[in-house]
file protein-v7.cif (mmCIF, C-alpha atoms)
data_upload
#
loop_
_atom_site.label_atom_id
_atom_site.label_comp_id
_atom_site.auth_asym_id
_atom_site.auth_seq_id
_atom_site.Cartn_x
_atom_site.Cartn_y
_atom_site.Cartn_z
CA MET A 1 48.08 129.29 79.94
CA LYS A 2 48.03 127.32 83.19
CA LYS A 3 49.70 124.40 81.40
CA LEU A 4 52.47 126.64 80.13
CA LEU A 5 52.97 128.13 83.61
CA PHE A 6 53.12 124.62 85.16
CA LEU A 7 55.59 123.42 82.52
CA SER A 8 57.78 126.48 83.06
CA THR A 9 57.79 125.94 86.82
CA LEU A 10 58.56 122.25 86.42
CA LEU A 11 61.50 122.97 84.11
CA GLY A 12 62.80 125.53 86.59
CA VAL A 13 62.66 123.02 89.45
CA LEU A 14 64.43 120.36 87.39
CA PHE A 15 67.12 122.82 86.33
CA PHE A 16 67.66 123.95 89.93
CA SER A 17 67.86 120.33 91.12
CA ALA A 18 70.37 119.44 88.43
CA CYS A 19 72.53 122.43 89.33
CA LYS A 20 72.37 121.49 93.01
CA LYS A 21 73.44 117.92 92.25
CA ASP A 22 76.32 119.22 90.13
CA GLU A 23 77.43 121.35 93.08
CA GLU A 24 77.21 118.41 95.49
CA ALA A 25 79.01 115.93 93.20
CA LYS A 26 82.45 117.46 93.49
CA ASP A 27 85.36 116.00 91.53
CA PRO A 28 88.19 114.06 93.20
CA GLY A 29 91.25 116.00 94.21
CA THR A 30 94.84 115.79 95.38
CA LEU A 31 96.38 115.55 98.84
CA GLU A 32 100.10 116.09 99.43
CA ILE A 33 102.00 114.57 102.33
CA ARG A 34 105.29 116.06 103.42
CA PHE A 35 107.57 113.80 105.48
CA ASP A 36 109.93 116.07 107.42
CA ASN A 37 112.88 114.40 109.10
CA ILE A 38 113.71 116.31 112.27
CA ALA A 39 115.40 116.19 115.66
CA VAL A 40 113.51 117.66 118.62
CA VAL A 41 116.14 119.28 120.86
CA ASN A 42 114.95 121.06 124.02
CA ASP A 43 111.36 120.92 122.68
CA VAL A 44 112.41 122.70 119.47
CA GLN A 45 112.15 121.03 116.05
CA GLN A 46 115.37 121.13 114.07
CA GLN A 47 115.77 120.04 110.46
CA LEU A 48 118.31 117.27 110.10
CA SER A 49 121.79 117.99 108.84
CA LEU A 50 123.74 115.27 107.03
CA VAL A 51 127.54 115.12 107.25
CA ALA A 52 130.16 113.42 105.11
CA PRO A 53 131.25 109.88 106.08
CA GLY A 54 134.06 110.01 108.62
CA SER A 55 133.02 113.40 110.02
CA THR A 56 133.74 114.03 113.71
CA GLU A 57 131.16 116.80 113.95
CA TYR A 58 128.46 115.39 116.21
CA GLY A 59 125.26 117.41 116.17
CA TYR A 60 122.94 115.05 118.06
CA THR A 61 122.78 113.22 121.38
CA ASN A 62 120.77 110.11 122.24
CA GLU A 63 118.94 109.32 125.50
CA MET A 64 122.12 107.84 126.95
CA GLY A 65 124.06 111.07 126.39
CA GLN A 66 126.02 109.60 123.48
CA GLN A 67 126.77 111.94 120.59
CA PHE A 68 126.25 110.99 116.96
CA ASN A 69 125.91 112.34 113.44
CA ILE A 70 124.12 111.21 110.29
CA ASN A 71 125.43 110.30 106.83
CA LEU A 72 122.30 108.66 105.47
CA LEU A 73 118.60 108.36 106.39
CA ARG A 74 116.16 106.59 104.08
CA TYR A 75 112.88 104.70 104.59
CA TYR A 76 109.87 103.29 102.76
CA ILE A 77 106.28 104.47 103.20
CA SER A 78 103.58 102.29 101.62
CA ALA A 79 99.92 101.22 101.71
CA ILE A 80 98.59 104.70 102.53
CA GLU A 81 94.92 104.98 103.53
CA LEU A 82 92.83 108.05 104.35
CA GLU A 83 89.58 108.11 106.34
CA GLY A 84 87.03 110.79 107.08
CA PRO A 85 84.41 111.44 109.79
CA ASN A 86 81.53 110.96 107.34
CA GLY A 87 82.65 107.64 105.90
CA GLU A 88 85.15 109.03 103.39
CA LYS A 89 87.74 106.45 102.37
CA PHE A 90 90.76 106.43 100.09
CA VAL A 91 93.15 103.51 99.58
CA ASP A 92 96.32 104.20 97.61
CA GLU A 93 96.76 101.56 94.92
CA LEU A 94 99.64 99.12 95.31
CA SER A 95 101.10 97.48 92.22
CA VAL A 96 104.53 96.18 91.29
CA SER A 97 106.06 95.33 87.93
CA ALA A 98 109.53 95.09 86.44
CA ALA A 99 109.13 98.66 85.19
CA ASP A 100 107.54 100.46 88.12
CA ALA A 101 106.04 100.32 91.60
CA LYS A 102 102.90 102.26 92.58
CA GLY A 103 101.94 103.07 96.14
CA TYR A 104 105.50 102.70 97.46
CA TYR A 105 107.51 105.81 98.39
CA LEU A 106 111.19 105.99 99.27
CA ILE A 107 111.84 108.95 101.57
CA ASP A 108 115.48 110.03 101.40
CA GLU A 109 116.82 112.85 103.57
CA SER A 110 119.39 113.72 100.88
CA ILE A 111 116.69 114.16 98.18
CA SER A 112 114.18 116.86 99.11
CA ALA A 113 111.73 115.96 96.33
CA SER A 114 111.41 112.40 97.67
CA GLN A 115 109.94 113.72 100.91
CA LEU A 116 106.77 114.94 99.18
CA VAL A 117 104.17 112.25 98.45
CA THR A 118 101.29 113.24 96.17
CA LEU A 119 98.04 111.27 96.29
CA THR A 120 95.78 111.84 93.28
CA GLY A 121 92.21 110.77 92.61
CA VAL A 122 91.22 111.22 96.24
CA PRO A 123 87.39 111.32 96.48
CA ALA A 124 86.07 114.75 97.44
CA GLY A 125 85.37 115.07 101.13
CA GLU A 126 86.97 115.72 104.47
CA TYR A 127 89.64 113.46 105.95
CA ASN A 128 90.88 113.32 109.52
CA LYS A 129 92.93 110.11 109.68
CA ILE A 130 95.89 108.59 107.86
CA THR A 131 97.29 105.07 108.07
CA PHE A 132 100.47 103.85 106.42
CA THR A 133 103.16 101.18 106.65
CA VAL A 134 106.79 101.95 107.34
CA GLY A 135 108.44 99.37 105.11
CA VAL A 136 107.43 97.01 102.31
CA ASP A 137 105.23 93.97 102.95
CA SER A 138 105.68 90.73 101.05
CA ALA A 139 102.02 90.71 100.00
CA GLY A 140 101.92 91.97 96.41
CA VAL A 141 105.69 91.78 95.99
CA VAL A 142 106.68 88.38 94.64
CA ASP A 143 110.06 86.92 93.81
CA GLY A 144 111.35 88.53 90.66
CA ALA A 145 112.21 91.88 89.16
CA SER A 146 110.73 95.01 90.74
CA GLY A 147 111.04 98.47 89.26
CA GLY A 148 110.74 102.06 90.38
CA VAL A 149 111.64 102.75 94.00
CA LEU A 150 111.64 99.00 94.67
CA ASP A 151 114.46 98.34 92.19
CA PRO A 152 117.22 96.83 94.38
CA ALA A 153 119.94 98.13 92.05
CA THR A 154 118.98 101.77 92.56
CA SER A 155 117.26 101.84 95.96
CA HIS A 156 119.96 99.89 97.84
CA MET A 157 117.17 98.85 100.23
CA PHE A 158 116.97 95.11 99.61
CA TRP A 159 118.51 92.11 101.38
CA ASN A 160 117.16 88.97 99.70
CA TRP A 161 113.82 87.25 99.02
CA ASN A 162 113.75 85.78 102.52
CA SER A 163 114.66 88.83 104.58
CA GLY A 164 113.01 91.19 102.07
CA TYR A 165 113.29 94.96 101.85
CA ILE A 166 115.00 97.18 104.38
CA ALA A 167 112.26 99.35 105.90
CA LEU A 168 114.63 102.01 107.22
CA LYS A 169 118.33 102.62 106.74
CA PHE A 170 120.42 104.87 108.99
CA GLU A 171 124.19 105.33 108.82
CA GLY A 172 126.47 107.68 110.74
CA GLN A 173 129.16 107.94 113.40
CA SER A 174 129.42 108.17 117.18
CA PRO A 175 132.60 108.73 119.20
CA VAL A 176 131.57 105.84 121.50
CA SER A 177 131.11 103.32 118.66
CA ASN A 178 133.98 100.90 118.13
CA GLY A 179 133.43 100.74 114.35
CA GLY A 180 134.02 97.59 112.33
CA VAL A 181 130.81 98.11 110.35
CA GLY A 182 130.36 96.13 107.13
CA GLY A 183 127.66 96.00 104.48
CA ALA A 184 126.89 99.72 104.60
CA GLU A 185 126.61 102.34 101.86
CA THR A 186 128.53 105.18 103.48
CA ILE A 187 130.44 103.45 106.29
CA THR A 188 133.47 101.22 105.80
CA ALA A 189 134.94 98.71 108.22
CA ASP A 190 137.98 100.92 108.83
CA ASN A 191 135.80 103.80 110.07
CA PRO A 192 136.65 103.74 113.81
CA ASN A 193 133.34 105.26 114.88
CA GLY A 194 130.94 104.00 112.21
CA MET A 195 127.34 102.92 112.87
CA ALA A 196 124.74 101.31 110.61
CA TYR A 197 121.12 100.42 111.37
CA HIS A 198 119.39 98.56 108.54
CA ILE A 199 115.94 97.73 109.92
CA GLY A 200 113.46 95.39 108.25
CA GLY A 201 111.95 91.91 108.14
CA TRP A 202 108.80 90.90 106.28
CA LYS A 203 108.38 87.20 105.63
CA ASN A 204 107.32 84.19 107.71
CA ILE A 205 109.71 81.44 106.60
CA PRO A 206 108.63 77.89 107.56
CA GLY A 207 111.03 76.44 110.10
CA GLY A 208 112.58 79.83 110.81
CA VAL A 209 112.09 82.52 113.45
CA PHE A 210 109.62 85.09 112.13
CA VAL A 211 110.71 88.68 112.71
CA TYR A 212 108.39 91.36 111.34
CA ASN A 213 109.84 94.84 111.78
CA ASN A 214 107.56 96.82 109.45
CA LYS A 215 105.20 99.12 111.33
CA ARG A 216 101.56 99.94 110.52
CA LEU A 217 100.82 103.39 111.96
CA SER A 218 97.67 105.53 112.23
CA PHE A 219 97.32 109.23 113.08
CA THR A 220 94.26 111.44 113.65
CA PHE A 221 94.37 115.10 112.63
CA ASP A 222 93.33 118.05 114.79
CA THR A 223 91.56 119.56 111.77
CA ASN A 224 89.96 118.02 108.71
CA ALA A 225 91.77 118.01 105.37
CA LYS A 226 89.24 119.18 102.77
CA VAL A 227 89.81 117.54 99.41
CA GLU A 228 88.22 118.37 96.03
CA SER A 229 89.39 119.40 92.60
CA LYS A 230 89.87 123.04 93.63
CA LEU A 231 91.49 122.28 97.00
CA GLU A 232 94.90 120.64 97.50
CA PRO A 233 95.68 120.37 101.20
CA ARG A 234 99.19 119.47 102.38
CA LEU A 235 99.64 117.20 105.36
CA HIS A 236 102.87 117.44 107.35
CA MET A 237 104.19 114.33 109.07
CA VAL A 238 107.44 114.37 111.03
CA PHE A 239 110.01 111.71 111.86
CA ASP A 240 112.11 112.49 114.95
CA VAL A 241 115.42 110.69 114.50
CA LEU A 242 116.22 111.03 118.23
CA LYS A 243 113.23 108.84 119.09
CA MET A 244 114.63 106.17 116.80
CA PHE A 245 117.24 105.56 119.50
CA GLY A 246 114.99 105.94 122.54
CA GLY A 247 111.44 105.79 123.83
CA HIS A 248 110.64 102.08 123.79
CA LYS A 249 114.26 101.17 124.57
CA ALA A 250 117.40 103.27 124.69
CA ILE A 251 119.97 102.15 122.12
CA ASP A 252 123.56 101.97 123.37
CA PHE A 253 126.03 102.86 120.61
CA THR A 254 128.89 101.16 122.47
CA GLY A 255 127.53 97.69 121.74
CA ASN A 256 124.47 97.82 119.46
CA HIS A 257 125.80 99.82 116.50
CA ASN A 258 125.91 97.36 113.57
CA VAL A 259 122.47 96.02 112.57
CA HIS A 260 122.05 94.22 109.25
CA LYS A 261 119.44 91.50 109.84
CA PRO A 262 115.82 91.42 111.09
CA SER A 263 116.45 89.73 114.43
CA ASP A 264 119.02 92.34 115.48
CA GLY A 265 116.77 95.29 114.65
CA VAL A 266 113.70 94.60 116.81
CA ASP A 267 114.42 97.23 119.48
CA VAL A 268 115.12 99.97 116.94
CA ALA A 269 112.00 98.97 114.94
CA ASN A 270 109.88 99.31 118.08
CA ASN A 271 111.35 102.76 118.63
CA ILE A 272 110.58 103.77 115.04
CA GLU A 273 106.83 103.51 115.53
CA HIS A 274 107.09 106.25 118.20
CA ALA A 275 109.29 108.47 116.04
CA PHE A 276 106.56 109.39 113.53
CA ALA A 277 103.95 112.02 114.38
CA TYR A 278 101.28 114.16 112.75
CA ASP A 279 102.32 117.83 112.80
CA HIS A 280 99.85 120.04 110.92
CA ILE A 281 97.81 120.63 107.75
CA HIS A 282 98.00 123.48 105.22
CA GLN A 283 94.56 123.83 103.66
#

call {"tool": "encode", "arguments": {"input": "protein-v7.cif", "output": "structure tokens"}}
result
Amino acid sequence: MKKLLFLSTLLGVLFFSACKKDEEAKDPGTLEIRFDNIAVVNDVQQQLSLVAPGSTEYGYTNEMGQQFNINLLRYYISAIELEGPNGEKFVDELSVSAADAKGYYLIDESISASQLVTLTGVPAGEYNKITFTVGVDSAGVVDGASGGVLDPATSHMFWNWNSGYIALKFEGQSPVSNGGVGGAETITADNPNGMAYHIGGWKNIPGGVFVYNNKRLSFTFDTNAKVESKLEPRLHMVFDVLKMFGGHKAIDFTGNHNVHKPSDGVDVANNIEHAFAYDHIHQ
């Protein structure tokens, strides 16, 4: 009788331990990241409004008091990593082939769906830090055909295999710009007030001047994002387009309004790293 009682107790303990382990070993989950493009005017966030090329409606003003509008805003986010206070770690896989590209995201203000990045297979846990690159690094992207959002024919975000991918593309108008812009998607040379800022630079070419305009950014959250199979938190990041033209250095549209190569885009690239910010988390 004692043996039966001992065996019953032992089985109960083992069953309880197994159940407890099952509860602790939670399945991986999903985390969504929303990239909202905004303009902070008088301390109030405003969603961006795109206008047609040639428009003389100017909804924004830079640090120098110069008005402008926006026809196009597009940028790459890549190499996303998440970290947690208890050693949690997630690294988004990067891979490139002629058919597809994983771990690279093209955020386009004109395409709402592109602004939502979904990370799957994130280990269960709590995360309070995100790191990502604005742009595309040459590591892992070799000369040759690239598919998906890296396809030059459809993304329109590629210069050549020396200058590499454009990290961020902005096009619009300002009444103080003297136009003459070439090589743009939405702006033609005969647009009297056109502006184009194509910012990038990725590769150290022997014998050349190395200009690296991609930015590696990290942000810490004010609350932890709890991830598991039953929880799908959404992280909101914002990009303030006004800070693209100020902060590190004010950009004067009367002279610096036509940027199409890495060396000309350094000041704007340095501003870009201050334009991104963590906003909030929906749990």

call {"tool": "residues_around", "arguments": {"input": "protein-v7.cif", "residues": "stretch 91-101 of chain A", "least_positions_apart": "4", "cutoff": "9 Å", "atoms": "only C-alpha atoms", "output": "VMD selection string"}}
result
chain A and resid 78 to 83 105 119 to 120 122 140 to 142 144 to 151

call {"tool": "atom_distance", "arguments": {"input": "protein-v7.cif", "atom1": "atom CA of A:Leu72", "atom2": "atom CA of A:Glu171"}}
result
5.1 Å

call {"tool": "resolve_selection", "arguments": {"input": "protein-v7.cif", "expression": "the PyMOL selection byres ((chain A and resi 159) around 12)", "output": "list in words"}}
result
Leu150, Asp151, Pro152, Ala153, Ser155, His156, Met157, Phe158, Asn160, Trp161, Asn162, Ser163, Gly164, Tyr165, Ile166, Ala167, Lys169, Gly183, Ala184, His198, Ile199, Gly200, Gly201, Trp202, His260, Lys261 and Pro262 of chain A

call {"tool": "closest_residue", "arguments": {"input": "protein-v7.cif", "among": "A:Phe35, A:Phe276, A:Phe239, A:Phe245", "to": "A:His257", "atoms": "all atoms listed in the file"}}
result
A:Phe245

call {"tool": "closest_residue", "arguments": {"input": "protein-v7.cif", "among": "A:Gln173, A:Gln45, A:Phe253, A:Asn62", "to": "A:Ile187", "atoms": "only C-alpha atoms"}}
result
A:Gln173

call {"tool": "closest_residue", "arguments": {"input": "protein-v7.cif", "among": "A:Ile130, A:Val227, A:Val136, A:Val209", "to": "A:Lys26", "atoms": "all atoms listed in the file"}}
result
A:Val227

call {"tool": "closest_residue", "arguments": {"input": "protein-v7.cif", "among": "A:Gly255, A:Ile38, A:Leu242, A:Ala269", "to": "A:Gly179", "atoms": "all atoms listed in the file"}}
result
A:Gly255

call {"tool": "closest_residue", "arguments": {"input": "protein-v7.cif", "among": "A:Asn213, A:Thr254, A:Ser55, A:Asn37", "to": "A:Asp137", "atoms": "all atoms listed in the file"}}
result
A:Asn213

call {"tool": "atom_distance", "arguments": {"input": "protein-v7.cif", "atom1": "atom CA of A:Leu106", "atom2": "atom CA of A:Gly135"}}
result
9.2 Å

call {"tool": "atom_distance", "arguments": {"input": "protein-v7.cif", "atom1": "atom CA of A:Tyr75", "atom2": "atom CA of A:Pro53"}}
result
19.1 Å

call {"tool": "resolve_selection", "arguments": {"input": "protein-v7.cif", "expression": "the PyMOL selection byres ((chain A and resi 49) around 9)", "output": "PyMOL selection string"}}
result
chain A and resi 38+46-48+50-51+59+69-71+109

call {"tool": "residues_near_point", "arguments": {"input": "protein-v7.cif", "point": "(106.3, 116.1, 96.2)", "cutoff": "8 Å", "atoms": "all atoms listed in the file", "output": "ChimeraX atom specification"}}
result
/A:32-34,113-118

call {"tool": "write_last_selection", "arguments": {"input": "protein-v7.cif", "atoms": "C-alpha atoms", "output": "PDB file, in the frame of the given file"}}
result
ATOM      1  CA  GLU A  32     100.100 116.090  99.430  1.00  0.00           C
ATOM      2  CA  ILE A  33     102.000 114.570 102.330  1.00  0.00           C
ATOM      3  CA  ARG A  34     105.290 116.060 103.420  1.00  0.00           C
ATOM      4  CA  ALA A 113     111.730 115.960  96.330  1.00  0.00           C
ATOM      5  CA  SER A 114     111.410 112.400  97.670  1.00  0.00           C
ATOM      6  CA  GLN A 115     109.940 113.720 100.910  1.00  0.00           C
ATOM      7  CA  LEU A 116     106.770 114.940  99.180  1.00  0.00           C
ATOM      8  CA  VAL A 117     104.170 112.250  98.450  1.00  0.00           C
ATOM      9  CA  THR A 118     101.290 113.240  96.170  1.00  0.00           C
TER      10      THR A 118
END

call {"tool": "resolve_selection", "arguments": {"input": "protein-v7.cif", "expression": "the PyMOL selection byres ((chain A and resi 267) around 9)", "output": "CSV table (one decimal) with C-alpha atoms, in the coordinates of the input"}}
result
chain,number,residue,atom,x,y,z
A,245,PHE,CA,117.2,105.6,119.5
A,248,HIS,CA,110.6,102.1,123.8
A,249,LYS,CA,114.3,101.2,124.6
A,250,ALA,CA,117.4,103.3,124.7
A,251,ILE,CA,120.0,102.2,122.1
A,264,ASP,CA,119.0,92.3,115.5
A,265,GLY,CA,116.8,95.3,114.6
A,266,VAL,CA,113.7,94.6,116.8
A,268,VAL,CA,115.1,100.0,116.9
A,269,ALA,CA,112.0,99.0,114.9
A,270,ASN,CA,109.9,99.3,118.1
A,271,ASN,CA,111.4,102.8,118.6
A,272,ILE,CA,110.6,103.8,115.0

call {"tool": "axis_aligned_box", "arguments": {"input": "protein-v7.cif", "around": "stretch 274-280 of chain A", "padding_each_side": "4 Å", "output": "lines of an AutoDock Vina configuration file"}}
result
center_x = 104.6
center_y = 113.1
center_z = 114.6
size_x = 17.4
size_y = 21.8
size_z = 15.3

call {"tool": "residues_around", "arguments": {"input": "protein-v7.cif", "residues": "stretch 191-193 of chain A", "least_positions_apart": "3", "cutoff": "8 Å", "atoms": "only C-alpha atoms", "output": "count of residues only"}}
result
12

call {"tool": "closest_residue", "arguments": {"input": "protein-v7.cif", "among": "A:Asp252, A:Glu185, A:Glu126, A:Asp279", "to": "A:Lys89", "atoms": "only C-alpha atoms"}}
result
A:Glu126

call {"tool": "residues_near_point", "arguments": {"input": "protein-v7.cif", "point": "(89.8, 112.8, 91.1)", "cutoff": "12 Å", "atoms": "all atoms listed in the file", "output": "PyMOL selection string"}}
result
chain A and resi 25-31+90+119-125+227-232

call {"tool": "decode", "arguments": {"input": "protein-v7.cif", "residues": "stretch 253-268 of chain A", "atoms": "N, CA, C and O atoms", "output": "mmCIF file, in the first residue's frame"}}
result
data_model
loop_
_atom_site.group_PDB
_atom_site.id
_atom_site.type_symbol
_atom_site.label_atom_id
_atom_site.label_comp_id
_atom_site.auth_asym_id
_atom_site.auth_seq_id
_atom_site.Cartn_x
_atom_site.Cartn_y
_atom_site.Cartn_z
ATOM 1 N N PHE A 253 17.526 75.286 -49.045
ATOM 2 C CA PHE A 253 16.965 74.876 -50.327
ATOM 3 C C PHE A 253 17.393 75.779 -51.487
ATOM 4 O O PHE A 253 17.197 75.427 -52.647
ATOM 5 N N THR A 254 17.973 76.940 -51.197
ATOM 6 C CA THR A 254 18.368 77.841 -52.281
ATOM 7 C C THR A 254 19.631 77.358 -52.982
ATOM 8 O O THR A 254 19.899 77.761 -54.118
ATOM 9 N N GLY A 255 20.415 76.503 -52.317
ATOM 10 C CA GLY A 255 21.651 76.052 -52.948
ATOM 11 C C GLY A 255 21.862 74.556 -52.907
ATOM 12 O O GLY A 255 22.435 73.963 -53.821
ATOM 13 N N ASN A 256 21.396 73.906 -51.839
ATOM 14 C CA ASN A 256 21.595 72.458 -51.672
ATOM 15 C C ASN A 256 20.251 71.764 -51.872
ATOM 16 O O ASN A 256 19.593 71.360 -50.920
ATOM 17 N N HIS A 257 19.838 71.604 -53.128
ATOM 18 C CA HIS A 257 18.495 71.079 -53.391
ATOM 19 C C HIS A 257 18.500 69.937 -54.401
ATOM 20 O O HIS A 257 17.443 69.448 -54.773
ATOM 21 N N ASN A 258 19.696 69.485 -54.825
ATOM 22 C CA ASN A 258 19.779 68.494 -55.903
ATOM 23 C C ASN A 258 20.887 67.500 -55.578
ATOM 24 O O ASN A 258 22.021 67.652 -56.045
ATOM 25 N N VAL A 259 20.562 66.485 -54.778
ATOM 26 C CA VAL A 259 21.567 65.538 -54.263
ATOM 27 C C VAL A 259 21.348 64.171 -54.901
ATOM 28 O O VAL A 259 20.292 63.560 -54.732
ATOM 29 N N HIS A 260 22.383 63.688 -55.616
ATOM 30 C CA HIS A 260 22.271 62.404 -56.303
ATOM 31 C C HIS A 260 23.524 61.540 -56.157
ATOM 32 O O HIS A 260 23.666 60.557 -56.888
ATOM 33 N N LYS A 261 24.433 61.878 -55.258
ATOM 34 C CA LYS A 261 25.609 61.048 -55.051
ATOM 35 C C LYS A 261 26.006 61.096 -53.584
ATOM 36 O O LYS A 261 25.672 62.060 -52.873
ATOM 37 N N PRO A 262 26.701 60.048 -53.088
ATOM 38 C CA PRO A 262 27.008 59.944 -51.662
ATOM 39 C C PRO A 262 27.679 61.169 -51.067
ATOM 40 O O PRO A 262 27.287 61.639 -49.994
ATOM 41 N N SER A 263 28.682 61.711 -51.728
ATOM 42 C CA SER A 263 29.453 62.811 -51.142
ATOM 43 C C SER A 263 28.623 64.072 -50.936
ATOM 44 O O SER A 263 28.916 64.876 -50.048
ATOM 45 N N ASP A 264 27.569 64.261 -51.730
ATOM 46 C CA ASP A 264 26.737 65.451 -51.585
ATOM 47 C C ASP A 264 25.661 65.300 -50.514
ATOM 48 O O ASP A 264 25.006 66.283 -50.159
ATOM 49 N N GLY A 265 25.477 64.064 -50.025
ATOM 50 C CA GLY A 265 24.368 63.824 -49.103
ATOM 51 C C GLY A 265 24.743 63.661 -47.651
ATOM 52 O O GLY A 265 23.905 63.283 -46.824
ATOM 53 N N VAL A 266 25.988 63.957 -47.287
ATOM 54 C CA VAL A 266 26.465 63.701 -45.924
ATOM 55 C C VAL A 266 25.676 64.486 -44.878
ATOM 56 O O VAL A 266 25.273 63.940 -43.838
ATOM 57 N N ASP A 267 25.438 65.764 -45.123
ATOM 58 C CA ASP A 267 24.733 66.581 -44.124
ATOM 59 C C ASP A 267 23.305 66.099 -43.908
ATOM 60 O O ASP A 267 22.824 66.026 -42.769
ATOM 61 N N VAL A 268 22.610 65.766 -44.991
ATOM 62 C CA VAL A 268 21.241 65.257 -44.850
ATOM 63 C C VAL A 268 21.260 63.904 -44.149
ATOM 64 O O VAL A 268 20.412 63.623 -43.293
#
